[in-house]
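> Data file input-v4.cif (mmCIF, C-alpha atoms) is appended below.
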data_input
#
loop_
_atom_site.label_atom_id
_atom_site.label_comp_id
_atom_site.auth_asym_id
_atom_site.auth_seq_id
_atom_site.Cartn_x
_atom_site.Cartn_y
_atom_site.Cartn_z
CA MET A 190 -11.70 -10.96 67.02
CA LYS A 191 -9.73 -8.16 68.62
CA LYS A 192 -11.12 -6.98 71.93
CA ALA A 193 -11.64 -3.28 72.57
CA VAL A 194 -9.55 -3.15 75.71
CA LEU A 195 -7.60 -0.23 77.12
CA TRP A 196 -4.99 -0.89 79.80
CA ASN A 197 -3.30 2.15 81.35
CA SER A 198 -0.45 0.86 83.49
CA CYS A 199 0.15 4.24 85.16
CA LEU A 200 -3.42 4.64 86.36
CA GLN A 201 -3.84 0.87 86.73
CA THR A 202 -7.06 1.06 84.78
CA VAL A 203 -8.71 -1.36 82.38
CA ILE A 204 -11.59 -0.31 80.13
CA LEU A 205 -13.57 -3.06 78.43
CA ASN A 206 -15.97 -2.05 75.67
CA LEU A 207 -18.60 -4.71 75.07
CA SER A 208 -19.37 -3.49 71.53
CA GLY A 209 -21.41 -0.34 71.29
CA PRO A 210 -22.86 1.17 74.46
CA PHE A 211 -21.67 -1.39 77.02
CA TYR A 212 -18.55 -0.45 79.00
CA ILE A 213 -16.79 -1.75 82.08
CA ARG A 214 -13.93 0.15 83.69
CA LEU A 215 -11.74 -1.51 86.31
CA THR A 216 -9.38 0.56 88.47
CA MET A 217 -6.83 -0.76 90.95
CA LEU A 218 -7.14 1.28 94.16
CA GLY A 219 -4.35 2.03 96.59
CA GLN A 220 -1.51 -0.50 96.33
CA ALA A 221 -3.71 -2.75 94.19
CA LYS A 222 -5.58 -3.85 97.31
CA ALA A 223 -9.00 -3.11 95.87
CA ILE A 224 -10.72 -2.80 92.50
CA SER A 225 -13.30 -0.22 91.48
CA ILE A 226 -15.76 -1.50 88.88
CA GLU A 227 -17.66 1.11 86.88
CA THR A 228 -20.17 0.60 84.10
CA ALA A 229 -21.74 2.72 81.40
CA LYS A 230 -24.62 1.89 79.08
CA ASN A 231 -26.19 3.93 76.29
CA ILE A 232 -24.14 6.97 77.28
CA SER A 233 -20.69 8.27 76.52
CA TYR A 234 -18.13 6.37 78.53
CA SER A 235 -16.98 9.63 80.15
CA GLN A 236 -20.06 9.16 82.37
CA TRP A 237 -20.06 6.29 84.83
CA SER A 238 -21.82 4.60 87.70
CA SER A 239 -19.36 2.85 90.02
CA VAL A 240 -18.84 0.53 92.91
CA GLY A 241 -15.61 -0.30 94.78
CA PHE A 242 -14.75 -3.29 96.90
CA LYS A 243 -11.72 -5.04 98.33
CA VAL A 244 -10.35 -8.02 96.48
CA ALA A 245 -7.53 -10.31 97.53
CA PRO A 246 -4.63 -10.67 95.03
CA LYS A 247 -5.65 -14.16 93.91
CA GLN A 248 -9.27 -13.05 93.52
CA ARG A 249 -8.22 -10.05 91.40
CA SER A 250 -6.66 -12.31 88.79
CA ALA A 251 -9.69 -14.56 88.75
CA LEU A 252 -12.05 -11.60 88.42
CA LEU A 253 -10.16 -10.16 85.47
CA ALA A 254 -10.06 -13.57 83.79
CA VAL A 255 -13.83 -13.97 84.18
CA LEU A 256 -14.51 -10.51 82.77
CA PHE A 257 -12.28 -11.08 79.74
CA LEU A 258 -13.95 -14.44 79.16
CA PHE A 259 -17.35 -12.76 79.31
CA VAL A 260 -16.28 -10.22 76.70
CA SER A 261 -14.90 -12.95 74.44
CA ARG A 262 -18.11 -14.99 74.53
CA HIS A 263 -20.64 -12.19 74.29
CA GLU A 264 -19.08 -9.46 72.17
CA LYS A 265 -20.48 -10.72 68.85
CA THR A 266 -23.98 -11.06 70.30
CA ILE A 267 -23.94 -7.56 71.74
CA ALA A 268 -22.55 -6.11 68.49
CA SER A 269 -25.27 -7.72 66.41
CA ASN A 270 -27.94 -6.15 68.62
CA ASN A 271 -26.46 -2.67 68.30
CA SER A 272 -25.60 -2.29 64.62
CA GLU A 273 -26.75 1.30 64.11
CA LEU A 274 -24.18 4.08 63.97
CA ASN A 275 -24.39 6.46 66.93
CA PRO A 276 -22.49 9.73 67.54
CA ASP A 277 -22.17 9.11 71.30
CA THR A 278 -21.11 5.47 71.48
CA PHE A 279 -18.90 3.20 69.41
CA THR A 280 -20.43 0.37 67.39
CA ALA A 281 -18.62 -2.68 66.00
CA PHE A 282 -18.64 -3.35 62.25
CA ASN A 283 -16.90 -6.33 60.63
CA ILE A 284 -14.41 -5.95 57.78
CA SER A 285 -15.66 -7.78 54.68
CA SER A 286 -12.78 -6.99 52.31
CA VAL A 287 -9.40 -5.25 52.14
CA GLU A 288 -7.93 -3.83 48.92
CA GLN A 289 -4.47 -2.28 48.76
CA LEU A 290 -4.54 0.69 46.37
CA THR A 291 -0.96 1.94 46.73
CA GLU A 292 2.03 1.01 48.89
CA ASP A 293 0.52 2.88 51.86
CA THR A 294 -3.19 3.31 51.10
CA TYR A 295 -6.02 0.80 51.51
CA GLN A 296 -9.73 0.57 50.80
CA TYR A 297 -11.69 -1.21 53.53
CA LYS A 298 -15.23 -2.49 53.14
CA PHE A 299 -17.38 -2.98 56.25
CA GLU A 300 -20.53 -5.07 56.59
CA LEU A 301 -23.91 -3.65 57.56
CA PRO A 302 -26.63 -6.07 58.69
CA GLY A 303 -29.18 -6.99 56.03
CA ASN A 304 -29.78 -4.16 53.59
CA SER A 305 -29.33 -1.43 56.18
CA SER A 306 -27.54 1.82 55.40
CA LEU A 307 -25.47 4.34 57.37
CA ARG A 308 -27.77 7.04 55.95
CA LEU A 309 -24.96 9.59 55.83
CA SER A 310 -25.44 13.09 54.51
CA LEU A 311 -22.97 14.13 51.82
CA GLY A 312 -19.43 14.59 53.08
CA GLN A 313 -20.12 13.42 56.64
CA HIS A 314 -17.32 11.68 58.52
CA ILE A 315 -17.23 8.98 61.18
CA VAL A 316 -14.72 8.42 63.99
CA LEU A 317 -12.58 5.30 64.33
CA ARG A 318 -11.32 4.11 67.70
CA GLY A 319 -8.20 2.00 68.16
CA VAL A 320 -5.93 0.91 70.99
CA VAL A 321 -2.15 0.92 70.44
CA ASN A 322 0.35 0.04 73.18
CA GLY A 323 -2.29 0.64 75.84
CA LEU A 324 -3.30 4.05 74.47
CA GLU A 325 -6.68 4.81 72.97
CA VAL A 326 -6.53 6.76 69.70
CA GLN A 327 -9.33 8.19 67.57
CA ARG A 328 -9.36 9.57 64.06
CA ALA A 329 -12.02 10.81 61.63
CA TYR A 330 -12.56 9.27 58.18
CA THR A 331 -15.10 10.02 55.46
CA PRO A 332 -16.67 6.95 53.79
CA ILE A 333 -16.24 6.99 50.03
CA SER A 334 -19.30 4.81 49.39
CA PRO A 335 -22.65 6.50 48.64
CA GLY A 336 -24.41 7.61 51.81
CA ASN A 337 -27.37 5.38 50.98
CA ALA A 338 -25.30 2.29 50.10
CA GLU A 339 -27.10 -0.79 51.42
CA GLY A 340 -25.38 -3.58 53.33
CA TYR A 341 -21.91 -2.02 53.42
CA PHE A 342 -19.76 1.10 53.64
CA GLU A 343 -16.23 1.74 52.36
CA VAL A 344 -13.40 3.82 53.80
CA LEU A 345 -10.16 5.03 52.18
CA MET A 346 -7.22 4.94 54.62
CA LYS A 347 -3.60 5.97 54.33
CA CYS A 348 -1.08 4.40 56.73
CA TYR A 349 1.85 6.44 57.99
CA GLU A 350 5.13 4.96 59.17
CA ALA A 351 5.02 6.55 62.61
CA GLY A 352 1.25 6.95 63.00
CA LEU A 353 -0.36 5.38 66.08
CA MET A 354 -3.64 4.75 64.30
CA SER A 355 -1.74 3.38 61.31
CA GLN A 356 -0.12 0.76 63.55
CA TYR A 357 -3.60 -0.37 64.56
CA ILE A 358 -4.99 -0.35 61.01
CA LYS A 359 -2.08 -2.45 59.71
CA THR A 360 -3.18 -5.32 61.96
CA TRP A 361 -6.63 -5.56 60.38
CA LYS A 362 -7.77 -8.53 58.36
CA LYS A 363 -11.04 -9.73 56.90
CA GLY A 364 -13.56 -10.59 59.61
CA ASP A 365 -12.13 -8.28 62.28
CA ALA A 366 -14.53 -6.07 64.26
CA VAL A 367 -13.75 -2.35 64.14
CA PHE A 368 -15.40 0.32 66.26
CA TRP A 369 -16.92 3.49 64.80
CA ARG A 370 -19.16 6.33 65.99
CA GLY A 371 -20.80 9.22 64.17
CA PRO A 372 -21.76 10.72 61.84
CA PHE A 373 -20.40 14.25 62.11
CA GLY A 374 -19.99 17.30 59.89
CA GLY A 375 -20.84 17.20 56.21
CA PHE A 376 -21.44 19.62 53.38
CA PRO A 377 -25.06 20.83 53.02
CA TYR A 378 -25.27 20.15 49.31
CA GLN A 379 -28.44 20.96 47.37
CA PRO A 380 -28.82 20.00 43.69
CA ASN A 381 -28.43 22.94 41.29
CA LYS A 382 -27.76 25.42 44.12
CA HIS A 383 -24.29 26.18 42.77
CA GLY A 384 -23.60 26.57 39.08
CA GLU A 385 -20.27 24.81 39.43
CA LEU A 386 -18.34 23.07 42.19
CA LEU A 387 -14.55 23.33 42.19
CA MET A 388 -13.17 20.46 44.28
CA LEU A 389 -9.57 20.75 45.50
CA ALA A 390 -8.39 17.45 47.01
CA SER A 391 -4.98 16.34 48.21
CA GLY A 392 -4.39 12.59 48.57
CA THR A 393 -7.09 10.96 50.71
CA GLY A 394 -8.79 14.35 50.79
CA LEU A 395 -10.50 12.87 47.74
CA ALA A 396 -12.78 10.91 50.10
CA PRO A 397 -15.52 13.50 50.88
CA MET A 398 -15.64 14.56 47.23
CA LEU A 399 -16.65 11.15 45.91
CA PRO A 400 -20.13 10.84 47.51
CA ILE A 401 -20.95 14.35 46.27
CA LEU A 402 -19.76 13.52 42.75
CA ARG A 403 -21.79 10.30 42.72
CA SER A 404 -24.85 12.13 44.00
CA ILE A 405 -24.62 14.57 41.09
CA THR A 406 -24.05 11.92 38.41
CA ASP A 407 -26.84 9.72 39.80
CA ASP A 408 -29.38 12.57 39.70
CA GLU A 409 -30.56 13.25 36.14
CA ASP A 410 -32.10 16.53 37.25
CA ASP A 411 -28.88 17.84 38.80
CA GLU A 412 -27.06 19.93 36.19
CA THR A 413 -24.28 21.19 38.45
CA PHE A 414 -20.90 21.39 36.73
CA VAL A 415 -17.96 19.92 38.64
CA THR A 416 -14.23 20.48 38.27
CA LEU A 417 -12.22 18.13 40.47
CA VAL A 418 -8.51 18.82 40.96
CA GLY A 419 -6.75 15.84 42.55
CA CYS A 420 -3.25 16.46 43.92
CA PHE A 421 -0.97 13.43 44.28
CA ARG A 422 2.77 12.82 44.39
CA THR A 423 3.01 10.54 41.36
CA PHE A 424 0.75 8.92 38.78
CA ASP A 425 0.99 5.57 40.62
CA LYS A 426 -0.35 7.19 43.78
CA ILE A 427 -3.61 8.33 42.21
CA TYR A 428 -6.37 6.45 44.02
CA LEU A 429 -9.37 4.80 42.39
CA LYS A 430 -8.39 5.54 38.78
CA PRO A 431 -11.17 3.42 37.18
CA LEU A 432 -13.87 5.17 39.23
CA LEU A 433 -12.48 8.62 38.47
CA GLN A 434 -12.24 7.82 34.76
CA ASP A 435 -15.87 6.68 34.75
CA LEU A 436 -16.98 9.89 36.50
CA ALA A 437 -15.01 12.03 34.03
CA ARG A 438 -17.13 10.65 31.17
CA TYR A 439 -20.19 12.58 32.36
CA TRP A 440 -20.91 15.73 30.38
CA ASN A 441 -20.74 17.99 33.45
CA ILE A 442 -17.65 16.51 35.16
CA ARG A 443 -14.02 17.50 34.56
CA ILE A 444 -11.08 15.98 36.43
CA PHE A 445 -7.54 17.38 36.52
CA TYR A 446 -4.50 15.84 38.20
CA VAL A 447 -1.55 17.71 39.69
CA LEU A 448 1.46 15.46 40.33
CA SER A 449 4.09 17.08 42.54
CA ARG A 450 6.90 14.57 41.95
CA GLU A 451 6.44 13.84 38.26
CA THR A 452 8.75 15.77 35.94
CA SER A 453 7.32 14.71 32.58
CA LEU A 454 3.96 13.63 31.17
CA GLU A 455 5.46 11.52 28.38
CA LYS A 456 5.33 8.25 30.33
CA LEU A 457 1.70 8.72 31.36
CA PRO A 458 -1.13 7.01 29.42
CA TRP A 459 -2.27 9.32 26.63
CA SER A 460 -5.75 9.61 28.17
CA TYR A 461 -4.22 11.38 31.20
CA GLN A 462 -1.73 13.67 29.50
CA GLU A 463 -4.14 16.40 28.46
CA ASN A 464 -5.62 16.91 31.93
CA THR A 465 -2.51 16.40 34.10
CA TYR A 466 0.01 18.96 35.35
CA THR A 467 3.41 18.39 36.95
CA GLY A 468 4.68 20.26 40.00
CA ARG A 469 2.44 21.72 42.68
CA LEU A 470 -0.93 23.39 42.52
CA ASN A 471 0.21 27.02 42.80
CA GLU A 472 -1.41 30.41 42.44
CA ASP A 473 -0.94 30.67 38.68
CA LEU A 474 -2.38 27.22 37.99
CA MET A 475 -5.28 27.97 40.34
CA LYS A 476 -6.16 31.13 38.40
CA MET A 477 -5.99 29.25 35.10
CA ILE A 478 -8.34 26.52 36.38
CA ILE A 479 -10.80 29.03 37.81
CA ASN A 480 -10.82 31.01 34.54
CA SER A 481 -11.62 27.76 32.68
CA CYS A 482 -14.65 27.04 34.87
CA ARG A 483 -17.91 27.27 32.99
CA ARG A 484 -19.66 29.11 35.82
CA ARG A 485 -18.55 31.01 38.90
CA PRO A 486 -17.46 28.16 41.20
CA PHE A 487 -18.21 27.31 44.80
CA VAL A 488 -15.05 25.68 46.16
CA LEU A 489 -14.67 22.55 48.31
CA ILE A 490 -11.26 21.92 49.90
CA CYS A 491 -9.89 18.83 51.65
CA GLY A 492 -6.29 17.97 52.48
CA SER A 493 -3.64 18.60 55.10
CA SER A 494 -3.70 21.82 57.13
CA ALA A 495 -0.88 23.23 55.00
CA PHE A 496 -2.71 22.32 51.78
CA ASN A 497 -5.94 23.90 52.99
CA GLU A 498 -4.15 27.12 53.96
CA ASP A 499 -2.35 27.33 50.62
CA MET A 500 -5.55 26.75 48.66
CA SER A 501 -7.42 29.40 50.67
CA ARG A 502 -4.64 31.90 49.94
CA TYR A 503 -4.57 31.12 46.21
CA LEU A 504 -8.35 31.36 45.97
CA LYS A 505 -8.35 34.75 47.66
CA ALA A 506 -5.72 35.96 45.18
CA ALA A 507 -7.95 34.69 42.36
CA GLY A 508 -10.90 36.69 43.62
CA ILE A 509 -12.86 33.87 45.28
CA GLU A 510 -14.46 35.08 48.50
CA GLU A 511 -14.27 33.06 51.72
CA SER A 512 -18.07 32.75 51.70
CA SER A 513 -17.74 30.79 48.45
CA CYS A 514 -15.51 28.12 50.03
CA PHE A 515 -16.06 25.12 52.27
CA VAL A 516 -13.20 23.29 54.00
CA PHE A 517 -13.75 19.71 55.18
#
Using structure tokens, write down the structure from this file.

Amino acid sequence: MKKAVLWNSCLQTVILNLSGPFYIRLTMLGQAKAISIETAKNISYSQWSSVGFKVAPKQRSALLAVLFLFVSRHEKTIASNNSELNPDTFTAFNISSVEQLTEDTYQYKFELPGNSSLRLSLGQHIVLRGVVNGLEVQRAYTPISPGNAEGYFEVLMKCYEAGLMSQYIKTWKKGDAVFWRGPFGGFPYQPNKHGELLMLASGTGLAPMLPILRSITDDEDDETFVTLVGCFRTFDKIYLKPLLQDLARYWNIRIFYVLSRETSLEKLPWSYQENTYTGRLNEDLMKMIINSCRRRPFVLICGSSAFNEDMSRYLKAAGIEESSCFVF
């Protein structure tokens, strides 16, 4: 199991996280003639209680060894006693499966004790913490599993060649403990409040759309129409095709694909050709999709900053007011 340890060689600081709300921070003082030990429990680790004392060089090494041994032996026990997600402190969850979806995108499944649930509201995200080359990095991800899923949650992750967090994610394997906190944000969805939802998603921006889609299809009394527009580079890079195909079979769900690096639809399976466009999602295509909506849409947007800005501009040109849009 990987230890949540941060070592900053410039500040001569070590932070040990004992899964969840237990933290120890060690700081070398002066010319490494003393060590300050600080602890935090059930609070954000930006708040500390501390004590400093002098330690001889040989004793420093022994002290660090003992503390690391303590973490190694007790981390699993502490994690199991603090399994609930919390917005202020990080909690460890074990990876139960890893599925590679494309050359750079993975679907990770994490265990929850018993039949417990994260109890996320629709579209809420959680924050991952990793340590790469002595630096702590954090990034937000939206689980793609239903918010009330029992015993597990799933996250869609894309790895980038030069991304710090990606370097950390690439080391994961089944059984590893990963630290999360949250939840945050979310879309305040209410069944039948909007006649139609127009979902504009680029790449992994699909993630917050899926729990909302599943919530609608699972509720027989929810008659909201949905038009999902998924933007990907190529057909092979479309994530979760079987799930999307199943969702598209519902009477009130339409799914379109926009493939920026495909030049022809002839090589695509026939079932995709009618609802797929090549090139980019531009202003003209946006107007055509909006005009085909069965009711005046409320728009959900998720993608890169550039994608979100472009979509907002196209929507404005199509007559959709800012108050009728929500950006994740």
> Expand the PyMOL selection byres ((chain A and resi 325-332) around 9) into the individual residues it matches in the shown file, reporting them as a PyMOL selection string.
chain A and resi 194-195+309+312-324+333-336+342-346+353-354+394+396-397+399-400
> When distances are computed from only C-alpha atoms, which of A:Tyr503, A:Phe487, A:Phe421, A:Tyr297 shows the smallest separation from Lys359 (chain A)?
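Nearest to Lys359 (chain A): A:Tyr297.
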> As an exercise, work out the distance from CA of Lys476 (chain A) to CA of Ala507 (chain A) in Å and give it to one decimal place.
5.6 Å
> Return as JSON, numbers by chain the set of residues that the PyMOL selection byres ((chain A and resi 425-427) around 12) yields on the displayed structure.
{"A": [289, 290, 291, 292, 293, 294, 295, 347, 390, 391, 392, 393, 394, 395, 418, 419, 420, 421, 422, 423, 424, 428, 429, 430, 431, 432, 433, 434, 445, 446, 447, 448, 449, 450, 451, 456, 457, 458, 461, 465]}
> Enclose region 377-380 of chain A, meaning all of its atoms listed in the file, in a box aligned along x, y and z, pad it by 6 Å on each side, and list the centre and edge lengths in Å to one decimal, as AutoDock Vina command-line options.

--center_x -26.9 --center_y 20.5 --center_z 48.4 --size_x 15.8 --size_y 13.0 --size_z 21.3
> Find the residues near Asn337 (chain A): any atom within 9 Å, counting only C-alpha atoms, skip ones fewer than 6 places away on the same chain, and give them as a PyMOL selection string.
chain A and resi 305-310
> Keeping only C-alpha atoms, take the residues you just selected and write them out as a PDB file, in the frame of the given file.

ATOM      1  CA  SER A 305     -29.330  -1.430  56.180  1.00  0.00           C
ATOM      2  CA  SER A 306     -27.540   1.820  55.400  1.00  0.00           C
ATOM      3  CA  LEU A 307     -25.470   4.340  57.370  1.00  0.00           C
ATOM      4  CA  ARG A 308     -27.770   7.040  55.950  1.00  0.00           C
ATOM      5  CA  LEU A 309     -24.960   9.590  55.830  1.00  0.00           C
ATOM      6  CA  SER A 310     -25.440  13.090  54.510  1.00  0.00           C
TER       7      SER A 310
END
> To one decimal place, how far is CA of Glu300 (chain A) from CA of Tyr341 (chain A) in Å?
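CA of Tyr341 (chain A) lies 4.6 Å from CA of Glu300 (chain A).
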> Looking at only C-alpha atoms, which of A:Cys482, A:Gly492, A:Leu311, A:Phe515 is the one that sits closest to Phe373 (chain A)?
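Distance minimum relative to Phe373 (chain A) lands on A:Leu311.
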> Could you state which residues are captured by the PyMOL selection byres ((chain A and resi 377-388) around 7) in this file, as a PDB file with C-alpha atoms, keeping the file's coordinate frame?

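In the end it all went to expr-v8.pdb:
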ATOM      1  CA  LEU A 311     -22.970  14.130  51.820  1.00  0.00           C
ATOM      2  CA  GLY A 375     -20.840  17.200  56.210  1.00  0.00           C
ATOM      3  CA  PHE A 376     -21.440  19.620  53.380  1.00  0.00           C
ATOM      4  CA  LEU A 389      -9.570  20.750  45.500  1.00  0.00           C
ATOM      5  CA  ALA A 390      -8.390  17.450  47.010  1.00  0.00           C
ATOM      6  CA  ASP A 411     -28.880  17.840  38.800  1.00  0.00           C
ATOM      7  CA  GLU A 412     -27.060  19.930  36.190  1.00  0.00           C
ATOM      8  CA  THR A 413     -24.280  21.190  38.450  1.00  0.00           C
ATOM      9  CA  PHE A 414     -20.900  21.390  36.730  1.00  0.00           C
ATOM     10  CA  VAL A 415     -17.960  19.920  38.640  1.00  0.00           C
ATOM     11  CA  THR A 416     -14.230  20.480  38.270  1.00  0.00           C
ATOM     12  CA  LEU A 417     -12.220  18.130  40.470  1.00  0.00           C
ATOM     13  CA  VAL A 418      -8.510  18.820  40.960  1.00  0.00           C
ATOM     14  CA  ARG A 484     -19.660  29.110  35.820  1.00  0.00           C
ATOM     15  CA  ARG A 485     -18.550  31.010  38.900  1.00  0.00           C
ATOM     16  CA  PRO A 486     -17.460  28.160  41.200  1.00  0.00           C
ATOM     17  CA  PHE A 487     -18.210  27.310  44.800  1.00  0.00           C
ATOM     18  CA  VAL A 488     -15.050  25.680  46.160  1.00  0.00           C
ATOM     19  CA  LEU A 489     -14.670  22.550  48.310  1.00  0.00           C
ATOM     20  CA  ILE A 490     -11.260  21.920  49.900  1.00  0.00           C
TER      21      ILE A 490
END
> Using Å and a single decimal, report how far CA of Pro302 (chain A) sits from CA of Asn283 (chain A).
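So the answer is 9.9 Å.
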> Give the answer as one residue: which of A:Trp369, A:Tyr357, A:Phe517, A:Trp440 has the shortest atom-to-atom distance to Ala281 (chain A), using only C-alpha atoms?
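Closest residue, counting only C-alpha atoms: A:Trp369.
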> Go through A:Met398, A:Gly303, A:Tyr439, A:Arg483 and flag the residue nearest Val516 (chain A), using all atoms listed in the file for the distances.
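Between A:Met398, A:Gly303, A:Tyr439, A:Arg483, the residue approaching Val516 (chain A) most closely is A:Met398.
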> Around (-21.7, -6.8, 51.9) in the file's frame, which residues reach within 8 Å when counting all atoms listed in the file? Return as a PyMOL selection string?
chain A and resi 285+298-301+340-341
